[in-house]
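Okay, structure first, notes after.
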Amino acid sequence: MGEVQERNKQIVARYWDAMYTHDWEAVAGFFTAEASYMDVGSGESGGGARGPDQIVARLRLGLEPVERHTHEPGLVVAEGPVVVTEHLEVWWFHTGEVVRHPFTSVMELDSDGLITRWWDYSNLSNLLDNAPRWWLEHIASGWRSTLDA
């Protein structure tokens with residue numbers, strides 16, 4: 001594997017560490033100003049979250065109300081500027097629900113090692129069908145307001 005691919009895999013691994021410890025300032029620092037993040041298959045229009053501030057706001061909206069969540073990385077593949085991570089998140093809600101959510105993330109990095117594009121591919125209905133209603137209502141009402149801010 002080339003030096004760039006190995007560097008990119010290490011950057012993405014550090015990104016996951018920052019995200020799962022909720023170090024939001026560090027998380028923001030991994031993205032370019034124009035970066036995009038989208039849950040592919042969610043039906044959202046406009047390309048999802050744009051730029052570090054919107055990306056972090058979106059992550060915080062979904063993850064901060066969760067009592068605990070863990071990350072189990074699996075296969076990681078790098079080719080050119082792209083890193084693909086197959087992983088599993090486990091979400092524990094204070095109301096007792098536990099959701100095991102497998103997915104694949106595709107991240108593209110620029111020559112400086114910053115993430116320009118992050119697209120998640122999952123069976124989103126797995127999360128939506130098993131998460132508590134209060135969390136779904138929180139997400140539905142909160143995401144629109146973060147875009148308007």
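Just so we're on the same page: first chain in the structure tokens is A, next is B, and so on; residues restart at 1 for each chain, and ligands are numbered from 1 in the order they show up.
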Spatial neighbours of Ala131 (chain A), max dist 12 Å, only C-alpha atoms, sep filter under 6 positions, as a list in words: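 Close residues of Ala131 (chain A): Gly62, Pro65, Val66, Val90, Trp91, Trp92, Phe93, His94, Thr95, Gly96, Glu97, Val98, Val99, Arg100, His101, Leu124, Ser125, Glu137, His138 and Ile139 of chain A.
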So which bits of chain A end up strand (DSSP E or B) when you DSSP the backbone, as a PDB file with N, CA, C and O atoms, in the first residue's frame?
ATOM      1  N   PHE A  31     -12.224  18.113   8.811  1.00  0.00           N
ATOM      2  CA  PHE A  31     -12.959  18.393   7.579  1.00  0.00           C
ATOM      3  C   PHE A  31     -12.502  19.679   6.900  1.00  0.00           C
ATOM      4  O   PHE A  31     -12.154  20.644   7.564  1.00  0.00           O
ATOM      5  N   THR A  32     -12.592  19.678   5.572  1.00  0.00           N
ATOM      6  CA  THR A  32     -12.387  20.910   4.821  1.00  0.00           C
ATOM      7  C   THR A  32     -13.616  21.799   5.018  1.00  0.00           C
ATOM      8  O   THR A  32     -14.682  21.329   5.444  1.00  0.00           O
ATOM      9  N   ALA A  33     -13.480  23.067   4.681  1.00  0.00           N
ATOM     10  CA  ALA A  33     -14.597  24.011   4.816  1.00  0.00           C
ATOM     11  C   ALA A  33     -15.782  23.614   3.931  1.00  0.00           C
ATOM     12  O   ALA A  33     -16.922  23.910   4.252  1.00  0.00           O
ATOM     13  N   GLU A  34     -15.525  22.921   2.828  1.00  0.00           N
ATOM     14  CA  GLU A  34     -16.579  22.541   1.881  1.00  0.00           C
ATOM     15  C   GLU A  34     -17.010  21.090   2.030  1.00  0.00           C
ATOM     16  O   GLU A  34     -17.795  20.588   1.220  1.00  0.00           O
ATOM     17  N   ALA A  35     -16.529  20.386   3.017  1.00  0.00           N
ATOM     18  CA  ALA A  35     -16.806  18.956   3.169  1.00  0.00           C
ATOM     19  C   ALA A  35     -18.303  18.683   3.224  1.00  0.00           C
ATOM     20  O   ALA A  35     -19.088  19.521   3.677  1.00  0.00           O
ATOM     21  N   SER A  36     -18.686  17.474   2.775  1.00  0.00           N
ATOM     22  CA  SER A  36     -20.086  17.071   2.865  1.00  0.00           C
ATOM     23  C   SER A  36     -20.192  15.739   3.598  1.00  0.00           C
ATOM     24  O   SER A  36     -19.322  14.882   3.488  1.00  0.00           O
ATOM     25  N   TYR A  37     -21.280  15.611   4.361  1.00  0.00           N
ATOM     26  CA  TYR A  37     -21.596  14.368   5.068  1.00  0.00           C
ATOM     27  C   TYR A  37     -23.044  14.030   4.783  1.00  0.00           C
ATOM     28  O   TYR A  37     -23.930  14.883   4.917  1.00  0.00           O
ATOM     29  N   MET A  38     -23.283  12.782   4.389  1.00  0.00           N
ATOM     30  CA  MET A  38     -24.644  12.384   4.071  1.00  0.00           C
ATOM     31  C   MET A  38     -24.860  10.920   4.430  1.00  0.00           C
ATOM     32  O   MET A  38     -23.973  10.091   4.235  1.00  0.00           O
ATOM     33  N   ASP A  39     -26.055  10.636   4.970  1.00  0.00           N
ATOM     34  CA  ASP A  39     -26.528   9.266   5.125  1.00  0.00           C
ATOM     35  C   ASP A  39     -27.205   8.913   3.812  1.00  0.00           C
ATOM     36  O   ASP A  39     -28.350   9.313   3.574  1.00  0.00           O
ATOM     37  N   VAL A  40     -26.499   8.202   2.961  1.00  0.00           N
ATOM     38  CA  VAL A  40     -27.053   7.814   1.673  1.00  0.00           C
ATOM     39  C   VAL A  40     -28.243   6.895   1.941  1.00  0.00           C
ATOM     40  O   VAL A  40     -28.186   6.036   2.794  1.00  0.00           O
ATOM     41  N   ALA A  49     -25.171  17.426   5.325  1.00  0.00           N
ATOM     42  CA  ALA A  49     -24.488  18.489   6.065  1.00  0.00           C
ATOM     43  C   ALA A  49     -23.285  18.977   5.268  1.00  0.00           C
ATOM     44  O   ALA A  49     -22.575  18.185   4.653  1.00  0.00           O
ATOM     45  N   ARG A  50     -23.046  20.278   5.332  1.00  0.00           N
ATOM     46  CA  ARG A  50     -21.924  20.887   4.594  1.00  0.00           C
ATOM     47  C   ARG A  50     -21.036  21.659   5.550  1.00  0.00           C
ATOM     48  O   ARG A  50     -21.527  22.471   6.342  1.00  0.00           O
ATOM     49  N   ARG A  68     -24.869   5.927  25.716  1.00  0.00           N
ATOM     50  CA  ARG A  68     -23.548   5.391  25.406  1.00  0.00           C
ATOM     51  C   ARG A  68     -23.592   4.802  24.013  1.00  0.00           C
ATOM     52  O   ARG A  68     -24.610   4.244  23.602  1.00  0.00           O
ATOM     53  N   HIS A  69     -22.505   4.931  23.291  1.00  0.00           N
ATOM     54  CA  HIS A  69     -22.399   4.226  22.017  1.00  0.00           C
ATOM     55  C   HIS A  69     -20.957   3.820  21.803  1.00  0.00           C
ATOM     56  O   HIS A  69     -20.036   4.506  22.241  1.00  0.00           O
ATOM     57  N   THR A  70     -20.796   2.680  21.171  1.00  0.00           N
ATOM     58  CA  THR A  70     -19.460   2.150  20.939  1.00  0.00           C
ATOM     59  C   THR A  70     -19.263   1.902  19.456  1.00  0.00           C
ATOM     60  O   THR A  70     -20.212   1.845  18.681  1.00  0.00           O
ATOM     61  N   HIS A  71     -18.018   1.730  19.121  1.00  0.00           N
ATOM     62  CA  HIS A  71     -17.608   1.569  17.739  1.00  0.00           C
ATOM     63  C   HIS A  71     -16.782   0.293  17.617  1.00  0.00           C
ATOM     64  O   HIS A  71     -15.817   0.110  18.355  1.00  0.00           O
ATOM     65  N   GLU A  72     -17.196  -0.565  16.712  1.00  0.00           N
ATOM     66  CA  GLU A  72     -16.447  -1.786  16.432  1.00  0.00           C
ATOM     67  C   GLU A  72     -16.025  -1.752  14.976  1.00  0.00           C
ATOM     68  O   GLU A  72     -16.790  -2.131  14.086  1.00  0.00           O
ATOM     69  N   PRO A  73     -14.804  -1.253  14.717  1.00  0.00           N
ATOM     70  CA  PRO A  73     -14.354  -1.187  13.324  1.00  0.00           C
ATOM     71  C   PRO A  73     -14.103  -2.579  12.764  1.00  0.00           C
ATOM     72  O   PRO A  73     -13.742  -3.505  13.495  1.00  0.00           O
ATOM     73  N   GLY A  74     -14.327  -2.706  11.481  1.00  0.00           N
ATOM     74  CA  GLY A  74     -14.066  -3.960  10.781  1.00  0.00           C
ATOM     75  C   GLY A  74     -13.048  -3.721   9.681  1.00  0.00           C
ATOM     76  O   GLY A  74     -12.029  -3.069   9.901  1.00  0.00           O
ATOM     77  N   LEU A  75     -13.372  -4.167   8.518  1.00  0.00           N
ATOM     78  CA  LEU A  75     -12.493  -4.037   7.359  1.00  0.00           C
ATOM     79  C   LEU A  75     -12.292  -2.566   7.009  1.00  0.00           C
ATOM     80  O   LEU A  75     -13.252  -1.791   6.979  1.00  0.00           O
ATOM     81  N   VAL A  76     -11.043  -2.181   6.737  1.00  0.00           N
ATOM     82  CA  VAL A  76     -10.716  -0.832   6.280  1.00  0.00           C
ATOM     83  C   VAL A  76      -9.899  -0.977   5.004  1.00  0.00           C
ATOM     84  O   VAL A  76      -8.879  -1.659   4.992  1.00  0.00           O
ATOM     85  N   VAL A  77     -10.363  -0.325   3.949  1.00  0.00           N
ATOM     86  CA  VAL A  77      -9.709  -0.397   2.650  1.00  0.00           C
ATOM     87  C   VAL A  77      -9.410   1.016   2.178  1.00  0.00           C
ATOM     88  O   VAL A  77     -10.262   1.904   2.306  1.00  0.00           O
ATOM     89  N   ALA A  78      -8.218   1.220   1.651  1.00  0.00           N
ATOM     90  CA  ALA A  78      -7.851   2.530   1.111  1.00  0.00           C
ATOM     91  C   ALA A  78      -7.357   2.367  -0.316  1.00  0.00           C
ATOM     92  O   ALA A  78      -6.575   1.458  -0.616  1.00  0.00           O
ATOM     93  N   GLU A  79      -7.843   3.267  -1.164  1.00  0.00           N
ATOM     94  CA  GLU A  79      -7.379   3.308  -2.549  1.00  0.00           C
ATOM     95  C   GLU A  79      -7.381   4.756  -2.990  1.00  0.00           C
ATOM     96  O   GLU A  79      -8.418   5.434  -2.880  1.00  0.00           O
ATOM     97  N   VAL A  82      -9.414   7.655  -1.152  1.00  0.00           N
ATOM     98  CA  VAL A  82     -10.633   7.139  -0.525  1.00  0.00           C
ATOM     99  C   VAL A  82     -10.311   6.083   0.532  1.00  0.00           C
ATOM    100  O   VAL A  82      -9.479   5.207   0.312  1.00  0.00           O
ATOM    101  N   VAL A  83     -11.003   6.184   1.677  1.00  0.00           N
ATOM    102  CA  VAL A  83     -10.922   5.170   2.731  1.00  0.00           C
ATOM    103  C   VAL A  83     -12.338   4.671   2.991  1.00  0.00           C
ATOM    104  O   VAL A  83     -13.246   5.466   3.231  1.00  0.00           O
ATOM    105  N   VAL A  84     -12.502   3.345   2.935  1.00  0.00           N
ATOM    106  CA  VAL A  84     -13.783   2.711   3.188  1.00  0.00           C
ATOM    107  C   VAL A  84     -13.656   1.923   4.489  1.00  0.00           C
ATOM    108  O   VAL A  84     -12.753   1.110   4.641  1.00  0.00           O
ATOM    109  N   THR A  85     -14.576   2.191   5.425  1.00  0.00           N
ATOM    110  CA  THR A  85     -14.576   1.506   6.722  1.00  0.00           C
ATOM    111  C   THR A  85     -15.890   0.779   6.907  1.00  0.00           C
ATOM    112  O   THR A  85     -16.962   1.384   6.816  1.00  0.00           O
ATOM    113  N   GLU A  86     -15.789  -0.514   7.161  1.00  0.00           N
ATOM    114  CA  GLU A  86     -16.959  -1.308   7.517  1.00  0.00           C
ATOM    115  C   GLU A  86     -16.979  -1.380   9.038  1.00  0.00           C
ATOM    116  O   GLU A  86     -15.963  -1.727   9.652  1.00  0.00           O
ATOM    117  N   HIS A  87     -18.085  -1.005   9.665  1.00  0.00           N
ATOM    118  CA  HIS A  87     -18.098  -0.989  11.120  1.00  0.00           C
ATOM    119  C   HIS A  87     -19.485  -1.202  11.701  1.00  0.00           C
ATOM    120  O   HIS A  87     -20.482  -1.234  10.995  1.00  0.00           O
ATOM    121  N   LEU A  88     -19.492  -1.320  13.029  1.00  0.00           N
ATOM    122  CA  LEU A  88     -20.718  -1.518  13.777  1.00  0.00           C
ATOM    123  C   LEU A  88     -20.737  -0.518  14.921  1.00  0.00           C
ATOM    124  O   LEU A  88     -19.749  -0.368  15.642  1.00  0.00           O
ATOM    125  N   GLU A  89     -21.858   0.177  15.052  1.00  0.00           N
ATOM    126  CA  GLU A  89     -22.089   1.015  16.225  1.00  0.00           C
ATOM    127  C   GLU A  89     -23.127   0.312  17.086  1.00  0.00           C
ATOM    128  O   GLU A  89     -24.063  -0.291  16.561  1.00  0.00           O
ATOM    129  N   VAL A  90     -22.942   0.415  18.400  1.00  0.00           N
ATOM    130  CA  VAL A  90     -23.958  -0.056  19.331  1.00  0.00           C
ATOM    131  C   VAL A  90     -24.402   1.159  20.127  1.00  0.00           C
ATOM    132  O   VAL A  90     -23.580   1.849  20.732  1.00  0.00           O
ATOM    133  N   TRP A  91     -25.694   1.448  20.080  1.00  0.00           N
ATOM    134  CA  TRP A  91     -26.288   2.602  20.741  1.00  0.00           C
ATOM    135  C   TRP A  91     -27.094   2.123  21.940  1.00  0.00           C
ATOM    136  O   TRP A  91     -27.981   1.281  21.800  1.00  0.00           O
ATOM    137  N   TRP A  92     -26.815   2.679  23.119  1.00  0.00           N
ATOM    138  CA  TRP A  92     -27.572   2.403  24.336  1.00  0.00           C
ATOM    139  C   TRP A  92     -28.331   3.673  24.708  1.00  0.00           C
ATOM    140  O   TRP A  92     -27.727   4.720  24.910  1.00  0.00           O
ATOM    141  N   VAL A  98     -31.399  -0.865  23.014  1.00  0.00           N
ATOM    142  CA  VAL A  98     -30.027  -1.057  22.528  1.00  0.00           C
ATOM    143  C   VAL A  98     -30.133  -1.386  21.045  1.00  0.00           C
ATOM    144  O   VAL A  98     -30.863  -2.304  20.657  1.00  0.00           O
ATOM    145  N   VAL A  99     -29.432  -0.626  20.213  1.00  0.00           N
ATOM    146  CA  VAL A  99     -29.483  -0.830  18.768  1.00  0.00           C
ATOM    147  C   VAL A  99     -28.084  -1.129  18.256  1.00  0.00           C
ATOM    148  O   VAL A  99     -27.143  -0.364  18.482  1.00  0.00           O
ATOM    149  N   ARG A 100     -27.960  -2.257  17.586  1.00  0.00           N
ATOM    150  CA  ARG A 100     -26.704  -2.623  16.908  1.00  0.00           C
ATOM    151  C   ARG A 100     -26.871  -2.194  15.449  1.00  0.00           C
ATOM    152  O   ARG A 100     -27.760  -2.698  14.760  1.00  0.00           O
ATOM    153  N   HIS A 101     -26.038  -1.243  15.029  1.00  0.00           N
ATOM    154  CA  HIS A 101     -26.237  -0.636  13.707  1.00  0.00           C
ATOM    155  C   HIS A 101     -24.973  -0.793  12.850  1.00  0.00           C
ATOM    156  O   HIS A 101     -24.026  -0.020  12.974  1.00  0.00           O
ATOM    157  N   PRO A 102     -24.955  -1.796  11.941  1.00  0.00           N
ATOM    158  CA  PRO A 102     -23.809  -1.958  11.044  1.00  0.00           C
ATOM    159  C   PRO A 102     -23.921  -1.019   9.849  1.00  0.00           C
ATOM    160  O   PRO A 102     -25.021  -0.722   9.383  1.00  0.00           O
ATOM    161  N   PHE A 103     -22.778  -0.536   9.388  1.00  0.00           N
ATOM    162  CA  PHE A 103     -22.777   0.320   8.206  1.00  0.00           C
ATOM    163  C   PHE A 103     -21.377   0.410   7.608  1.00  0.00           C
ATOM    164  O   PHE A 103     -20.412  -0.095   8.172  1.00  0.00           O
ATOM    165  N   THR A 104     -21.318   1.046   6.476  1.00  0.00           N
ATOM    166  CA  THR A 104     -20.058   1.287   5.780  1.00  0.00           C
ATOM    167  C   THR A 104     -19.937   2.776   5.526  1.00  0.00           C
ATOM    168  O   THR A 104     -20.896   3.420   5.105  1.00  0.00           O
ATOM    169  N   SER A 105     -18.769   3.304   5.817  1.00  0.00           N
ATOM    170  CA  SER A 105     -18.484   4.729   5.589  1.00  0.00           C
ATOM    171  C   SER A 105     -17.454   4.863   4.486  1.00  0.00           C
ATOM    172  O   SER A 105     -16.448   4.146   4.477  1.00  0.00           O
ATOM    173  N   VAL A 106     -17.710   5.792   3.586  1.00  0.00           N
ATOM    174  CA  VAL A 106     -16.775   6.108   2.510  1.00  0.00           C
ATOM    175  C   VAL A 106     -16.332   7.548   2.730  1.00  0.00           C
ATOM    176  O   VAL A 106     -17.159   8.461   2.766  1.00  0.00           O
ATOM    177  N   MET A 107     -15.014   7.722   2.906  1.00  0.00           N
ATOM    178  CA  MET A 107     -14.460   9.058   3.114  1.00  0.00           C
ATOM    179  C   MET A 107     -13.416   9.345   2.046  1.00  0.00           C
ATOM    180  O   MET A 107     -12.585   8.493   1.745  1.00  0.00           O
ATOM    181  N   GLU A 108     -13.484  10.552   1.521  1.00  0.00           N
ATOM    182  CA  GLU A 108     -12.492  11.001   0.556  1.00  0.00           C
ATOM    183  C   GLU A 108     -11.697  12.120   1.204  1.00  0.00           C
ATOM    184  O   GLU A 108     -12.271  13.038   1.802  1.00  0.00           O
ATOM    185  N   LEU A 109     -10.374  12.037   1.104  1.00  0.00           N
ATOM    186  CA  LEU A 109      -9.487  13.017   1.727  1.00  0.00           C
ATOM    187  C   LEU A 109      -8.744  13.799   0.656  1.00  0.00           C
ATOM    188  O   LEU A 109      -8.439  13.276  -0.423  1.00  0.00           O
ATOM    189  N   ILE A 115     -10.811  15.571   5.321  1.00  0.00           N
ATOM    190  CA  ILE A 115     -11.939  14.875   4.723  1.00  0.00           C
ATOM    191  C   ILE A 115     -12.775  15.866   3.910  1.00  0.00           C
ATOM    192  O   ILE A 115     -13.180  16.910   4.420  1.00  0.00           O
ATOM    193  N   THR A 116     -13.011  15.506   2.654  1.00  0.00           N
ATOM    194  CA  THR A 116     -13.819  16.342   1.768  1.00  0.00           C
ATOM    195  C   THR A 116     -15.229  15.784   1.588  1.00  0.00           C
ATOM    196  O   THR A 116     -16.154  16.533   1.305  1.00  0.00           O
ATOM    197  N   ARG A 117     -15.354  14.463   1.730  1.00  0.00           N
ATOM    198  CA  ARG A 117     -16.650  13.814   1.536  1.00  0.00           C
ATOM    199  C   ARG A 117     -16.737  12.616   2.458  1.00  0.00           C
ATOM    200  O   ARG A 117     -15.810  11.814   2.543  1.00  0.00           O
ATOM    201  N   TRP A 118     -17.872  12.494   3.161  1.00  0.00           N
ATOM    202  CA  TRP A 118     -18.128  11.340   4.030  1.00  0.00           C
ATOM    203  C   TRP A 118     -19.555  10.912   3.780  1.00  0.00           C
ATOM    204  O   TRP A 118     -20.496  11.639   4.068  1.00  0.00           O
ATOM    205  N   TRP A 119     -19.708   9.746   3.223  1.00  0.00           N
ATOM    206  CA  TRP A 119     -21.022   9.196   2.952  1.00  0.00           C
ATOM    207  C   TRP A 119     -21.163   7.876   3.688  1.00  0.00           C
ATOM    208  O   TRP A 119     -20.298   7.001   3.588  1.00  0.00           O
ATOM    209  N   ASP A 120     -22.243   7.744   4.458  1.00  0.00           N
ATOM    210  CA  ASP A 120     -22.546   6.509   5.177  1.00  0.00           C
ATOM    211  C   ASP A 120     -23.594   5.718   4.420  1.00  0.00           C
ATOM    212  O   ASP A 120     -24.586   6.280   3.935  1.00  0.00           O
ATOM    213  N   TYR A 121     -23.367   4.409   4.351  1.00  0.00           N
ATOM    214  CA  TYR A 121     -24.292   3.488   3.713  1.00  0.00           C
ATOM    215  C   TYR A 121     -24.726   2.476   4.766  1.00  0.00           C
ATOM    216  O   TYR A 121     -23.876   1.775   5.329  1.00  0.00           O
ATOM    217  N   SER A 122     -26.018   2.441   5.055  1.00  0.00           N
ATOM    218  CA  SER A 122     -26.519   1.497   6.043  1.00  0.00           C
ATOM    219  C   SER A 122     -27.975   1.188   5.757  1.00  0.00           C
ATOM    220  O   SER A 122     -28.613   1.822   4.925  1.00  0.00           O
TER     221      SER A 122
END
Residue nearest Asn8 (chain A) among A:Asn130, A:Ser111, A:Thr21, A:Gln54 (counting only C-alpha atoms):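 Selected residue with least distance to Asn8 (chain A): A:Ser111.
For the atom pair formed by CA of Gly113 (chain A) and CA of Ile11 (chain A), the distance is 7.1 Å, given to one decimal.
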Pick from A:Leu114, A:Pro81, A:Gln5, A:Ala28 nearest to Ala57 (chain A), counting only C-alpha atoms: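 Smallest distance to Ala57 (chain A) is found for A:Ala28.
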Residue nearest Leu59 (chain A) - candidates A:Arg133, A:Arg14, A:Gly142, A:Arg7, atoms counted: only C-alpha atoms: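 Distance minimum relative to Leu59 (chain A) lands on A:Gly142.
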Filtered DSSP result for chain A, state alpha helix (DSSP H), as number ranges by chain: A: 3-20, 24-28, 51-63, 124-130, 133-148
For His22 (chain A): contacts at 9 Å, only C-alpha atoms, fewer than 3 positions along chain excluded, given as JSON, numbers by chain: {"A": [17, 18, 19, 25, 26, 27, 60, 63, 64]}
Give me a file of those residues, with N, CA and C atoms, as an mmCIF file, in the first residue's frame.
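Written output follows (result28.cif):
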data_model
loop_
_atom_site.group_PDB
_atom_site.id
_atom_site.type_symbol
_atom_site.label_atom_id
_atom_site.label_comp_id
_atom_site.auth_asym_id
_atom_site.auth_seq_id
_atom_site.Cartn_x
_atom_site.Cartn_y
_atom_site.Cartn_z
ATOM 1 N N ASP A 17 -11.730 7.845 16.519
ATOM 2 C CA ASP A 17 -11.421 7.999 17.950
ATOM 3 C C ASP A 17 -12.001 9.306 18.487
ATOM 4 N N ALA A 18 -11.829 10.393 17.746
ATOM 5 C CA ALA A 18 -12.350 11.696 18.184
ATOM 6 C C ALA A 18 -13.873 11.685 18.236
ATOM 7 N N MET A 19 -14.500 11.102 17.226
ATOM 8 C CA MET A 19 -15.957 11.101 17.187
ATOM 9 C C MET A 19 -16.551 10.288 18.332
ATOM 10 N N GLU A 25 -14.584 19.487 18.917
ATOM 11 C CA GLU A 25 -13.600 20.418 18.348
ATOM 12 C C GLU A 25 -12.609 19.668 17.463
ATOM 13 N N ALA A 26 -12.133 18.536 17.937
ATOM 14 C CA ALA A 26 -11.219 17.719 17.132
ATOM 15 C C ALA A 26 -11.927 17.204 15.884
ATOM 16 N N VAL A 27 -13.170 16.765 16.032
ATOM 17 C CA VAL A 27 -13.938 16.260 14.891
ATOM 18 C C VAL A 27 -13.998 17.321 13.796
ATOM 19 N N ARG A 60 -23.783 15.859 16.797
ATOM 20 C CA ARG A 60 -24.191 16.144 18.184
ATOM 21 C C ARG A 60 -25.687 15.919 18.368
ATOM 22 N N LEU A 63 -26.066 12.050 18.500
ATOM 23 C CA LEU A 63 -25.272 11.269 19.448
ATOM 24 C C LEU A 63 -25.314 11.758 20.886
ATOM 25 N N GLU A 64 -25.476 13.037 21.117
ATOM 26 C CA GLU A 64 -25.447 13.521 22.499
ATOM 27 C C GLU A 64 -26.587 12.976 23.360
#
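Of note, CA of Asn126 (chain A) and CA of Trp24 (chain A) are spaced 25.7 Å apart.
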For CA of Gly48 (chain A) and CA of Gly29 (chain A), the interatomic separation in Å (one decimal): 18.5 Å
